[in-house]
$ cat my_file.tsv   # TSV, N, CA and C atoms
chain	number	residue	atom	x	y	z
A	1	GLN	N	63.79	-17.08	-104.86
A	1	GLN	CA	64.13	-16.14	-103.80
A	1	GLN	C	65.62	-16.18	-103.50
A	2	VAL	N	66.10	-15.05	-103.02
A	2	VAL	CA	67.50	-14.91	-102.65
A	2	VAL	C	67.58	-14.39	-101.22
A	3	GLN	N	68.48	-14.97	-100.45
A	3	GLN	CA	68.73	-14.50	-99.10
A	3	GLN	C	70.16	-13.97	-99.01
A	4	LEU	N	70.31	-12.85	-98.31
A	4	LEU	CA	71.61	-12.22	-98.12
A	4	LEU	C	71.85	-12.04	-96.62
A	5	VAL	N	73.00	-12.49	-96.16
A	5	VAL	CA	73.34	-12.37	-94.74
A	5	VAL	C	74.69	-11.69	-94.61
A	6	GLU	N	74.69	-10.52	-93.95
A	6	GLU	CA	75.92	-9.76	-93.74
A	6	GLU	C	76.57	-10.14	-92.42
A	7	SER	N	77.87	-9.94	-92.36
A	7	SER	CA	78.62	-10.10	-91.12
A	7	SER	C	79.85	-9.22	-91.17
A	8	GLY	N	80.44	-8.98	-89.99
A	8	GLY	CA	81.70	-8.26	-89.95
A	8	GLY	C	81.64	-6.85	-89.44
A	9	GLY	N	80.45	-6.34	-89.16
A	9	GLY	CA	80.36	-4.99	-88.63
A	9	GLY	C	80.87	-4.92	-87.21
A	10	GLY	N	80.95	-3.70	-86.69
A	10	GLY	CA	81.40	-3.52	-85.31
A	10	GLY	C	81.85	-2.11	-85.04
A	11	LEU	N	82.54	-1.96	-83.92
A	11	LEU	CA	83.05	-0.66	-83.47
A	11	LEU	C	84.55	-0.60	-83.71
A	12	VAL	N	85.00	0.48	-84.33
A	12	VAL	CA	86.42	0.63	-84.63
A	12	VAL	C	86.80	2.10	-84.46
A	13	GLN	N	88.04	2.35	-84.13
A	13	GLN	CA	88.51	3.72	-84.01
A	13	GLN	C	88.82	4.30	-85.39
A	14	ALA	N	88.74	5.60	-85.48
A	14	ALA	CA	89.07	6.27	-86.73
A	14	ALA	C	90.48	5.87	-87.17
A	15	GLY	N	90.61	5.61	-88.46
A	15	GLY	CA	91.87	5.14	-89.02
A	15	GLY	C	92.00	3.64	-89.08
A	16	GLY	N	91.07	2.96	-88.43
A	16	GLY	CA	91.11	1.50	-88.41
A	16	GLY	C	90.47	0.88	-89.64
A	17	SER	N	90.37	-0.45	-89.59
A	17	SER	CA	89.85	-1.22	-90.72
A	17	SER	C	88.81	-2.22	-90.27
A	18	LEU	N	87.90	-2.53	-91.16
A	18	LEU	CA	86.92	-3.60	-90.98
A	18	LEU	C	86.70	-4.27	-92.32
A	19	ARG	N	86.30	-5.53	-92.26
A	19	ARG	CA	85.95	-6.27	-93.47
A	19	ARG	C	84.54	-6.82	-93.31
A	20	LEU	N	83.67	-6.40	-94.20
A	20	LEU	CA	82.31	-6.92	-94.22
A	20	LEU	C	82.20	-8.07	-95.21
A	21	SER	N	81.38	-9.04	-94.85
A	21	SER	CA	81.11	-10.17	-95.73
A	21	SER	C	79.62	-10.31	-95.93
A	22	CYS	N	79.24	-10.81	-97.10
A	22	CYS	CA	77.85	-11.06	-97.39
A	22	CYS	C	77.74	-12.40	-98.10
A	23	ALA	N	76.95	-13.29	-97.51
A	23	ALA	CA	76.72	-14.61	-98.09
A	23	ALA	C	75.36	-14.62	-98.76
A	24	ALA	N	75.35	-14.96	-100.03
A	24	ALA	CA	74.10	-15.05	-100.78
A	24	ALA	C	73.72	-16.51	-100.98
A	25	SER	N	72.44	-16.78	-100.88
A	25	SER	CA	71.94	-18.14	-101.10
A	25	SER	C	70.59	-18.06	-101.80
A	26	GLY	N	70.19	-19.19	-102.38
A	26	GLY	CA	68.92	-19.24	-103.08
A	26	GLY	C	69.11	-19.29	-104.59
A	27	SER	N	68.16	-18.73	-105.31
A	27	SER	CA	68.16	-18.77	-106.78
A	27	SER	C	68.99	-17.61	-107.34
A	28	ILE	N	70.28	-17.83	-107.42
A	28	ILE	CA	71.20	-16.78	-107.85
A	28	ILE	C	71.60	-17.03	-109.30
A	29	GLY	N	71.36	-16.05	-110.13
A	29	GLY	CA	71.72	-16.16	-111.52
A	29	GLY	C	73.20	-15.92	-111.75
A	30	SER	N	73.66	-16.31	-112.92
A	30	SER	CA	75.08	-16.15	-113.22
A	30	SER	C	75.45	-14.71	-113.54
A	31	ILE	N	74.45	-13.92	-113.92
A	31	ILE	CA	74.69	-12.51	-114.22
A	31	ILE	C	73.95	-11.67	-113.19
A	32	ASN	N	74.71	-10.92	-112.41
A	32	ASN	CA	74.08	-10.09	-111.39
A	32	ASN	C	75.04	-8.98	-110.97
A	33	VAL	N	74.51	-8.08	-110.21
A	33	VAL	CA	75.31	-7.02	-109.60
A	33	VAL	C	75.15	-7.14	-108.09
A	34	MET	N	76.26	-7.18	-107.39
A	34	MET	CA	76.22	-7.18	-105.93
A	34	MET	C	76.84	-5.89	-105.43
A	35	GLY	N	76.31	-5.41	-104.35
A	35	GLY	CA	76.82	-4.13	-103.86
A	35	GLY	C	76.61	-3.95	-102.38
A	36	TRP	N	77.22	-2.90	-101.89
A	36	TRP	CA	77.07	-2.48	-100.50
A	36	TRP	C	76.49	-1.07	-100.49
A	37	TYR	N	75.46	-0.90	-99.69
A	37	TYR	CA	74.87	0.41	-99.44
A	37	TYR	C	74.99	0.71	-97.96
A	38	ARG	N	74.82	1.96	-97.61
A	38	ARG	CA	74.82	2.32	-96.19
A	38	ARG	C	73.78	3.40	-95.93
A	39	GLN	N	73.33	3.40	-94.68
A	39	GLN	CA	72.35	4.40	-94.27
A	39	GLN	C	72.69	4.88	-92.87
A	40	ALA	N	73.00	6.16	-92.77
A	40	ALA	CA	73.27	6.78	-91.49
A	40	ALA	C	71.98	7.36	-90.92
A	41	PRO	N	71.90	7.55	-89.62
A	41	PRO	CA	70.69	8.11	-89.02
A	41	PRO	C	70.29	9.43	-89.65
A	42	GLY	N	69.04	9.54	-90.05
A	42	GLY	CA	68.53	10.78	-90.63
A	42	GLY	C	68.92	11.02	-92.08
A	43	LYS	N	69.60	10.05	-92.68
A	43	LYS	CA	70.04	10.20	-94.07
A	43	LYS	C	69.45	9.10	-94.94
A	44	GLU	N	69.49	9.34	-96.24
A	44	GLU	CA	69.00	8.35	-97.18
A	44	GLU	C	70.05	7.25	-97.39
A	45	ARG	N	69.57	6.09	-97.78
A	45	ARG	CA	70.48	5.01	-98.11
A	45	ARG	C	71.26	5.38	-99.37
A	46	GLU	N	72.57	5.11	-99.33
A	46	GLU	CA	73.42	5.48	-100.46
A	46	GLU	C	74.31	4.32	-100.88
A	47	LEU	N	74.64	4.31	-102.16
A	47	LEU	CA	75.54	3.29	-102.68
A	47	LEU	C	76.95	3.55	-102.18
A	48	VAL	N	77.60	2.49	-101.70
A	48	VAL	CA	79.00	2.57	-101.30
A	48	VAL	C	79.89	2.01	-102.41
A	49	ALA	N	79.56	0.81	-102.86
A	49	ALA	CA	80.35	0.16	-103.90
A	49	ALA	C	79.52	-0.95	-104.51
A	50	SER	N	79.82	-1.25	-105.77
A	50	SER	CA	79.14	-2.36	-106.44
A	50	SER	C	80.13	-3.09	-107.33
A	51	ILE	N	79.77	-4.35	-107.64
A	51	ILE	CA	80.63	-5.18	-108.48
A	51	ILE	C	79.74	-6.10	-109.29
A	52	ILE	N	79.97	-6.12	-110.60
A	52	ILE	CA	79.18	-7.00	-111.43
A	52	ILE	C	79.80	-8.39	-111.45
A	53	SER	N	79.08	-9.35	-111.96
A	53	SER	CA	79.56	-10.72	-111.94
A	53	SER	C	80.84	-10.89	-112.74
A	54	GLY	N	81.08	-10.01	-113.71
A	54	GLY	CA	82.32	-10.06	-114.47
A	54	GLY	C	83.50	-9.41	-113.78
A	55	GLY	N	83.23	-8.68	-112.69
A	55	GLY	CA	84.31	-8.12	-111.88
A	55	GLY	C	84.46	-6.61	-111.91
A	56	ARG	N	83.78	-5.92	-112.79
A	56	ARG	CA	83.93	-4.47	-112.85
A	56	ARG	C	83.32	-3.85	-111.61
A	57	THR	N	84.02	-2.86	-111.06
A	57	THR	CA	83.61	-2.24	-109.80
A	57	THR	C	83.25	-0.77	-109.97
A	58	ASN	N	82.50	-0.29	-108.99
A	58	ASN	CA	82.11	1.12	-108.97
A	58	ASN	C	82.09	1.56	-107.51
A	59	TYR	N	82.61	2.77	-107.24
A	59	TYR	CA	82.70	3.25	-105.86
A	59	TYR	C	82.11	4.65	-105.74
A	60	ALA	N	81.55	4.91	-104.57
A	60	ALA	CA	81.17	6.28	-104.25
A	60	ALA	C	82.45	7.10	-104.08
A	61	ASP	N	82.38	8.37	-104.44
A	61	ASP	CA	83.56	9.23	-104.32
A	61	ASP	C	84.08	9.28	-102.89
A	62	SER	N	83.18	9.21	-101.94
A	62	SER	CA	83.56	9.36	-100.53
A	62	SER	C	84.39	8.19	-100.01
A	63	VAL	N	84.37	7.05	-100.69
A	63	VAL	CA	85.11	5.88	-100.21
A	63	VAL	C	86.19	5.43	-101.19
A	64	ASN	N	86.21	6.02	-102.36
A	64	ASN	CA	87.18	5.61	-103.39
A	64	ASN	C	88.60	5.76	-102.85
A	65	GLY	N	89.36	4.69	-102.97
A	65	GLY	CA	90.74	4.71	-102.48
A	65	GLY	C	90.88	4.18	-101.06
A	66	ARG	N	89.77	4.07	-100.36
A	66	ARG	CA	89.81	3.56	-98.97
A	66	ARG	C	89.12	2.20	-98.85
A	67	PHE	N	88.08	1.99	-99.62
A	67	PHE	CA	87.30	0.75	-99.58
A	67	PHE	C	87.57	-0.07	-100.83
A	68	THR	N	87.50	-1.39	-100.69
A	68	THR	CA	87.65	-2.29	-101.82
A	68	THR	C	86.56	-3.35	-101.78
A	69	ILE	N	85.82	-3.47	-102.86
A	69	ILE	CA	84.79	-4.49	-102.96
A	69	ILE	C	85.34	-5.65	-103.79
A	70	SER	N	84.99	-6.86	-103.39
A	70	SER	CA	85.42	-8.04	-104.13
A	70	SER	C	84.35	-9.11	-103.99
A	71	ARG	N	84.46	-10.14	-104.82
A	71	ARG	CA	83.46	-11.21	-104.76
A	71	ARG	C	84.09	-12.53	-105.11
A	72	GLU	N	83.49	-13.59	-104.62
A	72	GLU	CA	83.85	-14.95	-104.97
A	72	GLU	C	82.60	-15.58	-105.56
A	73	ASN	N	82.53	-15.65	-106.88
A	73	ASN	CA	81.32	-16.14	-107.53
A	73	ASN	C	81.01	-17.59	-107.16
A	74	ALA	N	82.04	-18.41	-107.03
A	74	ALA	CA	81.81	-19.82	-106.74
A	74	ALA	C	81.17	-20.03	-105.36
A	75	LYS	N	81.42	-19.08	-104.46
A	75	LYS	CA	80.87	-19.17	-103.11
A	75	LYS	C	79.69	-18.23	-102.90
A	76	ASN	N	79.34	-17.47	-103.93
A	76	ASN	CA	78.26	-16.48	-103.79
A	76	ASN	C	78.51	-15.54	-102.62
A	77	MET	N	79.74	-15.05	-102.54
A	77	MET	CA	80.13	-14.15	-101.47
A	77	MET	C	80.56	-12.81	-102.06
A	78	VAL	N	80.29	-11.74	-101.31
A	78	VAL	CA	80.82	-10.43	-101.66
A	78	VAL	C	81.40	-9.82	-100.38
A	79	TYR	N	82.49	-9.09	-100.54
A	79	TYR	CA	83.21	-8.53	-99.40
A	79	TYR	C	83.39	-7.02	-99.59
A	80	LEU	N	83.56	-6.35	-98.47
A	80	LEU	CA	83.90	-4.93	-98.51
A	80	LEU	C	85.02	-4.71	-97.49
A	81	GLN	N	86.21	-4.48	-97.99
A	81	GLN	CA	87.35	-4.15	-97.13
A	81	GLN	C	87.37	-2.64	-96.94
A	82	MET	N	87.27	-2.23	-95.70
A	82	MET	CA	87.19	-0.81	-95.38
A	82	MET	C	88.42	-0.40	-94.58
A	83	ASN	N	89.24	0.46	-95.16
A	83	ASN	CA	90.45	0.96	-94.51
A	83	ASN	C	90.33	2.46	-94.26
A	84	SER	N	91.18	2.95	-93.41
A	84	SER	CA	91.22	4.39	-93.09
A	84	SER	C	89.82	4.91	-92.76
A	85	LEU	N	89.14	4.18	-91.91
A	85	LEU	CA	87.76	4.53	-91.59
A	85	LEU	C	87.66	5.88	-90.88
A	86	LYS	N	86.57	6.57	-91.17
A	86	LYS	CA	86.31	7.89	-90.61
A	86	LYS	C	85.00	7.87	-89.84
A	87	PRO	N	84.82	8.76	-88.89
A	87	PRO	CA	83.54	8.79	-88.16
A	87	PRO	C	82.33	8.93	-89.09
A	88	GLU	N	82.51	9.62	-90.21
A	88	GLU	CA	81.39	9.78	-91.14
A	88	GLU	C	81.05	8.51	-91.91
A	89	ASP	N	81.84	7.46	-91.73
A	89	ASP	CA	81.50	6.16	-92.31
A	89	ASP	C	80.52	5.38	-91.43
A	90	THR	N	80.22	5.91	-90.26
A	90	THR	CA	79.30	5.25	-89.35
A	90	THR	C	77.91	5.15	-89.99
A	91	ALA	N	77.39	3.92	-90.04
A	91	ALA	CA	76.10	3.68	-90.68
A	91	ALA	C	75.75	2.20	-90.55
A	92	VAL	N	74.54	1.89	-90.93
A	92	VAL	CA	74.17	0.48	-91.15
A	92	VAL	C	74.50	0.16	-92.60
A	93	TYR	N	75.26	-0.89	-92.79
A	93	TYR	CA	75.69	-1.31	-94.12
A	93	TYR	C	74.84	-2.49	-94.59
A	94	TYR	N	74.32	-2.36	-95.80
A	94	TYR	CA	73.43	-3.36	-96.36
A	94	TYR	C	74.04	-3.99	-97.61
A	95	CYS	N	73.92	-5.29	-97.69
A	95	CYS	CA	74.31	-6.02	-98.89
A	95	CYS	C	73.12	-6.03	-99.85
A	96	ASN	N	73.42	-5.92	-101.14
A	96	ASN	CA	72.37	-5.87	-102.15
A	96	ASN	C	72.75	-6.75	-103.33
A	97	LEU	N	71.77	-7.40	-103.90
A	97	LEU	CA	71.97	-8.19	-105.12
A	97	LEU	C	70.84	-7.87	-106.09
A	98	VAL	N	71.22	-7.55	-107.30
A	98	VAL	CA	70.25	-7.28	-108.36
A	98	VAL	C	70.50	-8.25	-109.50
A	99	GLN	N	69.45	-8.92	-109.91
A	99	GLN	CA	69.53	-9.82	-111.06
A	99	GLN	C	68.20	-9.79	-111.77
A	100	ARG	N	68.13	-10.42	-112.89
A	100	ARG	CA	66.89	-10.43	-113.64
A	100	ARG	C	65.80	-11.02	-112.76
A	101	GLY	N	64.76	-10.25	-112.54
A	101	GLY	CA	63.65	-10.73	-111.76
A	101	GLY	C	63.65	-10.34	-110.30
A	102	GLY	N	64.68	-9.66	-109.83
A	102	GLY	CA	64.66	-9.34	-108.41
A	102	GLY	C	65.74	-8.39	-107.95
A	103	ASN	N	65.44	-7.72	-106.86
A	103	ASN	CA	66.35	-6.80	-106.18
A	103	ASN	C	66.26	-7.16	-104.69
A	104	TYR	N	67.37	-7.64	-104.13
A	104	TYR	CA	67.34	-8.24	-102.80
A	104	TYR	C	68.26	-7.51	-101.84
A	105	TRP	N	67.86	-7.52	-100.54
A	105	TRP	CA	68.60	-6.82	-99.51
A	105	TRP	C	68.86	-7.74	-98.32
A	106	GLY	N	69.99	-7.53	-97.69
A	106	GLY	CA	70.26	-8.18	-96.42
A	106	GLY	C	69.65	-7.37	-95.29
A	107	GLN	N	69.85	-7.87	-94.07
A	107	GLN	CA	69.24	-7.23	-92.91
A	107	GLN	C	70.07	-6.06	-92.38
A	108	GLY	N	71.30	-5.96	-92.82
A	108	GLY	CA	72.18	-4.86	-92.43
A	108	GLY	C	73.09	-5.21	-91.28
A	109	THR	N	74.24	-4.55	-91.25
A	109	THR	CA	75.18	-4.71	-90.15
A	109	THR	C	75.71	-3.32	-89.76
A	110	GLN	N	75.78	-3.08	-88.47
A	110	GLN	CA	76.16	-1.75	-87.98
A	110	GLN	C	77.68	-1.59	-88.00
A	111	VAL	N	78.12	-0.48	-88.54
A	111	VAL	CA	79.52	-0.08	-88.47
A	111	VAL	C	79.57	1.26	-87.74
A	112	THR	N	80.35	1.30	-86.67
A	112	THR	CA	80.50	2.52	-85.89
A	112	THR	C	81.97	2.87	-85.80
A	113	VAL	N	82.30	4.09	-86.21
A	113	VAL	CA	83.68	4.56	-86.19
A	113	VAL	C	83.78	5.68	-85.17
A	114	SER	N	84.58	5.46	-84.14
A	114	SER	CA	84.73	6.47	-83.09
A	114	SER	C	85.90	7.40	-83.40
A	115	SER	N	85.77	8.64	-82.98
A	115	SER	CA	86.83	9.62	-83.26
A	115	SER	C	87.86	9.64	-82.14
$ encode --input "my_file.tsv" --output "structure tokens"
Amino acid sequence: QVQLVESGGGLVQAGGSLRLSCAASGSIGSINVMGWYRQAPGKERELVASIISGGRTNYADSVNGRFTISRENAKNMVYLQMNSLKPEDTAVYYCNLVQRGGNYWGQGTQVTVSS
């Protein structure tokens, strides 16, 4: 089993920044994909950014150039640096880990961007 715990959400004004962190623990394989998803009220959960264990990243078009995903493999941590935040970035952000044998989710952290 794998456990994911997010932190770093909160309320910020438009144009501001936040950094989300996700700590993974449990049976974590050396090859995996970690990512951040978000879900706004009344909308489907969507991919924000992902990063494979080798470091290659992928971003949603809506956040490309504003958000940066990174990871520390030795600490089983993944981060999401969010800059130039917009009200439409308001959502619950979920950490995700996919590896052979499992697809795991954190409990989510709320990000609210005021205009």
$ atom_distance --input "my_file.tsv" --atom1 "CA of Asn73 in chain A" --atom2 "CA of Ser53 in chain A"
7.2 Å
$ closest_atom_pairs --input "my_file.tsv" --of "range 51-86 of chain A" --to "range 12-34 of chain A" --cutoff "7 Å" --atoms "only N, CA and C atoms" --output "JSON lines"
{"residue": "A:Ile51", "atom": "N", "partner": "A:Met34", "partner_atom": "C", "distance": 4.0}
{"residue": "A:Ile52", "atom": "CA", "partner": "A:Val33", "partner_atom": "CA", "distance": 4.3}
{"residue": "A:Ser53", "atom": "N", "partner": "A:Asn32", "partner_atom": "C", "distance": 4.2}
{"residue": "A:Gly54", "atom": "N", "partner": "A:Asn32", "partner_atom": "N", "distance": 6.6}
{"residue": "A:Lys75", "atom": "C", "partner": "A:Ala24", "partner_atom": "N", "distance": 6.1}
{"residue": "A:Asn76", "atom": "C", "partner": "A:Ala24", "partner_atom": "N", "distance": 4.1}
{"residue": "A:Met77", "atom": "CA", "partner": "A:Cys22", "partner_atom": "C", "distance": 4.5}
{"residue": "A:Val78", "atom": "C", "partner": "A:Cys22", "partner_atom": "N", "distance": 4.1}
{"residue": "A:Tyr79", "atom": "CA", "partner": "A:Leu20", "partner_atom": "C", "distance": 4.3}
{"residue": "A:Leu80", "atom": "N", "partner": "A:Leu20", "partner_atom": "C", "distance": 3.9}
{"residue": "A:Gln81", "atom": "CA", "partner": "A:Arg19", "partner_atom": "CA", "distance": 4.5}
{"residue": "A:Met82", "atom": "N", "partner": "A:Leu18", "partner_atom": "C", "distance": 4.0}
{"residue": "A:Asn83", "atom": "CA", "partner": "A:Ser17", "partner_atom": "CA", "distance": 4.4}
{"residue": "A:Ser84", "atom": "CA", "partner": "A:Gly15", "partner_atom": "C", "distance": 4.2}
{"residue": "A:Leu85", "atom": "C", "partner": "A:Gly15", "partner_atom": "N", "distance": 3.8}
{"residue": "A:Lys86", "atom": "N", "partner": "A:Gly15", "partner_atom": "N", "distance": 5.0}
$ write_last_selection --input "my_file.tsv" --atoms "N, CA and C atoms" --output "PDB file, in the frame of the given file"
ATOM      1  N   ILE A  51      79.770  -4.350-107.640  1.00  0.00           N
ATOM      2  CA  ILE A  51      80.630  -5.180-108.480  1.00  0.00           C
ATOM      3  C   ILE A  51      79.740  -6.100-109.290  1.00  0.00           C
ATOM      4  N   ILE A  52      79.970  -6.120-110.600  1.00  0.00           N
ATOM      5  CA  ILE A  52      79.180  -7.000-111.430  1.00  0.00           C
ATOM      6  C   ILE A  52      79.800  -8.390-111.450  1.00  0.00           C
ATOM      7  N   SER A  53      79.080  -9.350-111.960  1.00  0.00           N
ATOM      8  CA  SER A  53      79.560 -10.720-111.940  1.00  0.00           C
ATOM      9  C   SER A  53      80.840 -10.890-112.740  1.00  0.00           C
ATOM     10  N   GLY A  54      81.080 -10.010-113.710  1.00  0.00           N
ATOM     11  CA  GLY A  54      82.320 -10.060-114.470  1.00  0.00           C
ATOM     12  C   GLY A  54      83.500  -9.410-113.780  1.00  0.00           C
ATOM     13  N   LYS A  75      81.420 -19.080-104.460  1.00  0.00           N
ATOM     14  CA  LYS A  75      80.870 -19.170-103.110  1.00  0.00           C
ATOM     15  C   LYS A  75      79.690 -18.230-102.900  1.00  0.00           C
ATOM     16  N   ASN A  76      79.340 -17.470-103.930  1.00  0.00           N
ATOM     17  CA  ASN A  76      78.260 -16.480-103.790  1.00  0.00           C
ATOM     18  C   ASN A  76      78.510 -15.540-102.620  1.00  0.00           C
ATOM     19  N   MET A  77      79.740 -15.050-102.540  1.00  0.00           N
ATOM     20  CA  MET A  77      80.130 -14.150-101.470  1.00  0.00           C
ATOM     21  C   MET A  77      80.560 -12.810-102.060  1.00  0.00           C
ATOM     22  N   VAL A  78      80.290 -11.740-101.310  1.00  0.00           N
ATOM     23  CA  VAL A  78      80.820 -10.430-101.660  1.00  0.00           C
ATOM     24  C   VAL A  78      81.400  -9.820-100.380  1.00  0.00           C
ATOM     25  N   TYR A  79      82.490  -9.090-100.540  1.00  0.00           N
ATOM     26  CA  TYR A  79      83.210  -8.530 -99.400  1.00  0.00           C
ATOM     27  C   TYR A  79      83.390  -7.020 -99.590  1.00  0.00           C
ATOM     28  N   LEU A  80      83.560  -6.350 -98.470  1.00  0.00           N
ATOM     29  CA  LEU A  80      83.900  -4.930 -98.510  1.00  0.00           C
ATOM     30  C   LEU A  80      85.020  -4.710 -97.490  1.00  0.00           C
ATOM     31  N   GLN A  81      86.210  -4.480 -97.990  1.00  0.00           N
ATOM     32  CA  GLN A  81      87.350  -4.150 -97.130  1.00  0.00           C
ATOM     33  C   GLN A  81      87.370  -2.640 -96.940  1.00  0.00           C
ATOM     34  N   MET A  82      87.270  -2.230 -95.700  1.00  0.00           N
ATOM     35  CA  MET A  82      87.190  -0.810 -95.380  1.00  0.00           C
ATOM     36  C   MET A  82      88.420  -0.400 -94.580  1.00  0.00           C
ATOM     37  N   ASN A  83      89.240   0.460 -95.160  1.00  0.00           N
ATOM     38  CA  ASN A  83      90.450   0.960 -94.510  1.00  0.00           C
ATOM     39  C   ASN A  83      90.330   2.460 -94.260  1.00  0.00           C
ATOM     40  N   SER A  84      91.180   2.950 -93.410  1.00  0.00           N
ATOM     41  CA  SER A  84      91.220   4.390 -93.090  1.00  0.00           C
ATOM     42  C   SER A  84      89.820   4.910 -92.760  1.00  0.00           C
ATOM     43  N   LEU A  85      89.140   4.180 -91.910  1.00  0.00           N
ATOM     44  CA  LEU A  85      87.760   4.530 -91.590  1.00  0.00           C
ATOM     45  C   LEU A  85      87.660   5.880 -90.880  1.00  0.00           C
ATOM     46  N   LYS A  86      86.570   6.570 -91.170  1.00  0.00           N
ATOM     47  CA  LYS A  86      86.310   7.890 -90.610  1.00  0.00           C
ATOM     48  C   LYS A  86      85.000   7.870 -89.840  1.00  0.00           C
TER      49      LYS A  86
END
$ closest_residue --input "my_file.tsv" --among "A:Val63, A:Val111, A:Leu97, A:Val92" --to "Gln39 in chain A" --atoms "all atoms listed in the file"
A:Val92
$ atom_distance --input "my_file.tsv" --atom1 "CA of Val48 in chain A" --atom2 "atom C of Trp36 in chain A"
4.5 Å
$ closest_residue --input "my_file.tsv" --among "A:Gly42, A:Ser62, A:Glu88, A:Tyr93" --to "Thr109 in chain A" --atoms "only N, CA and C atoms"
A:Tyr93
$ atom_distance --input "my_file.tsv" --atom1 "CA of Leu11 in chain A" --atom2 "CA of Tyr59 in chain A"
22.7 Å
$ closest_residue --input "my_file.tsv" --among "A:Val98, A:Leu4, A:Ala91, A:Ala49" --to "Ile69 in chain A" --atoms "only N, CA and C atoms"
A:Ala49
$ select_by_dssp --input "my_file.tsv" --residues "chain A" --states "helix (DSSP H, G or I)" --output "number ranges by chain"
A: 73-75, 87-89
$ select_by_dssp --input "my_file.tsv" --residues "range 2-112 of chain A" --states "strand (DSSP E or B)" --output "PyMOL selection string"
chain A and resi 2-7+10-13+18-26+32-39+46-52+57-59+64+67-72+77-82+91-99+102-105+109-112
$ closest_residue --input "my_file.tsv" --among "A:Ser115, A:Tyr104, A:Pro87, A:Cys95" --to "Glu6 in chain A" --atoms "all atoms listed in the file"
A:Cys95
$ closest_residue --input "my_file.tsv" --among "A:Arg100, A:Tyr94, A:Gly55, A:Trp105" --to "Glu72 in chain A" --atoms "only C-alpha atoms"
A:Gly55
$ residues_around --input "my_file.tsv" --residues "Ser50 in chain A" --least-positions-apart "2" --cutoff "6 Å" --atoms "only C-alpha atoms" --output "PyMOL selection string"
chain A and resi 34-35+57-58
$ closest_residue --input "my_file.tsv" --among "A:Gly108, A:Ser114, A:Ser70, A:Asn103" --to "Ser7 in chain A" --atoms "all atoms listed in the file"
A:Gly108
$ build_atoms --input "my_file.tsv" --residues "range 53-57 of chain A" --atoms "all heavy atoms" --output "CSV table (one decimal), keeping the file's coordinate frame"
chain,number,residue,atom,x,y,z
A,53,SER,N,79.1,-9.4,-112.0
A,53,SER,CA,79.6,-10.7,-111.9
A,53,SER,C,80.8,-10.9,-112.7
A,53,SER,O,81.6,-11.8,-112.5
A,53,SER,CB,78.5,-11.7,-112.4
A,53,SER,OG,77.8,-11.2,-113.6
A,54,GLY,N,81.1,-10.0,-113.7
A,54,GLY,CA,82.3,-10.1,-114.5
A,54,GLY,C,83.5,-9.4,-113.8
A,54,GLY,O,84.6,-9.5,-114.2
A,55,GLY,N,83.2,-8.7,-112.7
A,55,GLY,CA,84.3,-8.1,-111.9
A,55,GLY,C,84.5,-6.6,-111.9
A,55,GLY,O,85.2,-6.1,-111.1
A,56,ARG,N,83.8,-5.9,-112.8
A,56,ARG,CA,83.9,-4.5,-112.8
A,56,ARG,C,83.3,-3.8,-111.6
A,56,ARG,O,82.2,-4.2,-111.2
A,56,ARG,CB,83.3,-3.9,-114.1
A,56,ARG,CG,83.6,-2.4,-114.3
A,56,ARG,CD,83.2,-2.0,-115.7
A,56,ARG,NE,81.7,-2.1,-115.9
A,56,ARG,CZ,81.2,-1.9,-117.1
A,56,ARG,NH1,81.9,-1.6,-118.1
A,56,ARG,NH2,79.9,-2.0,-117.2
A,57,THR,N,84.0,-2.9,-111.1
A,57,THR,CA,83.6,-2.2,-109.8
A,57,THR,C,83.2,-0.8,-110.0
A,57,THR,O,83.7,-0.1,-110.9
A,57,THR,CB,84.7,-2.4,-108.8
A,57,THR,OG1,85.9,-1.7,-109.3
A,57,THR,CG2,85.0,-3.8,-108.4
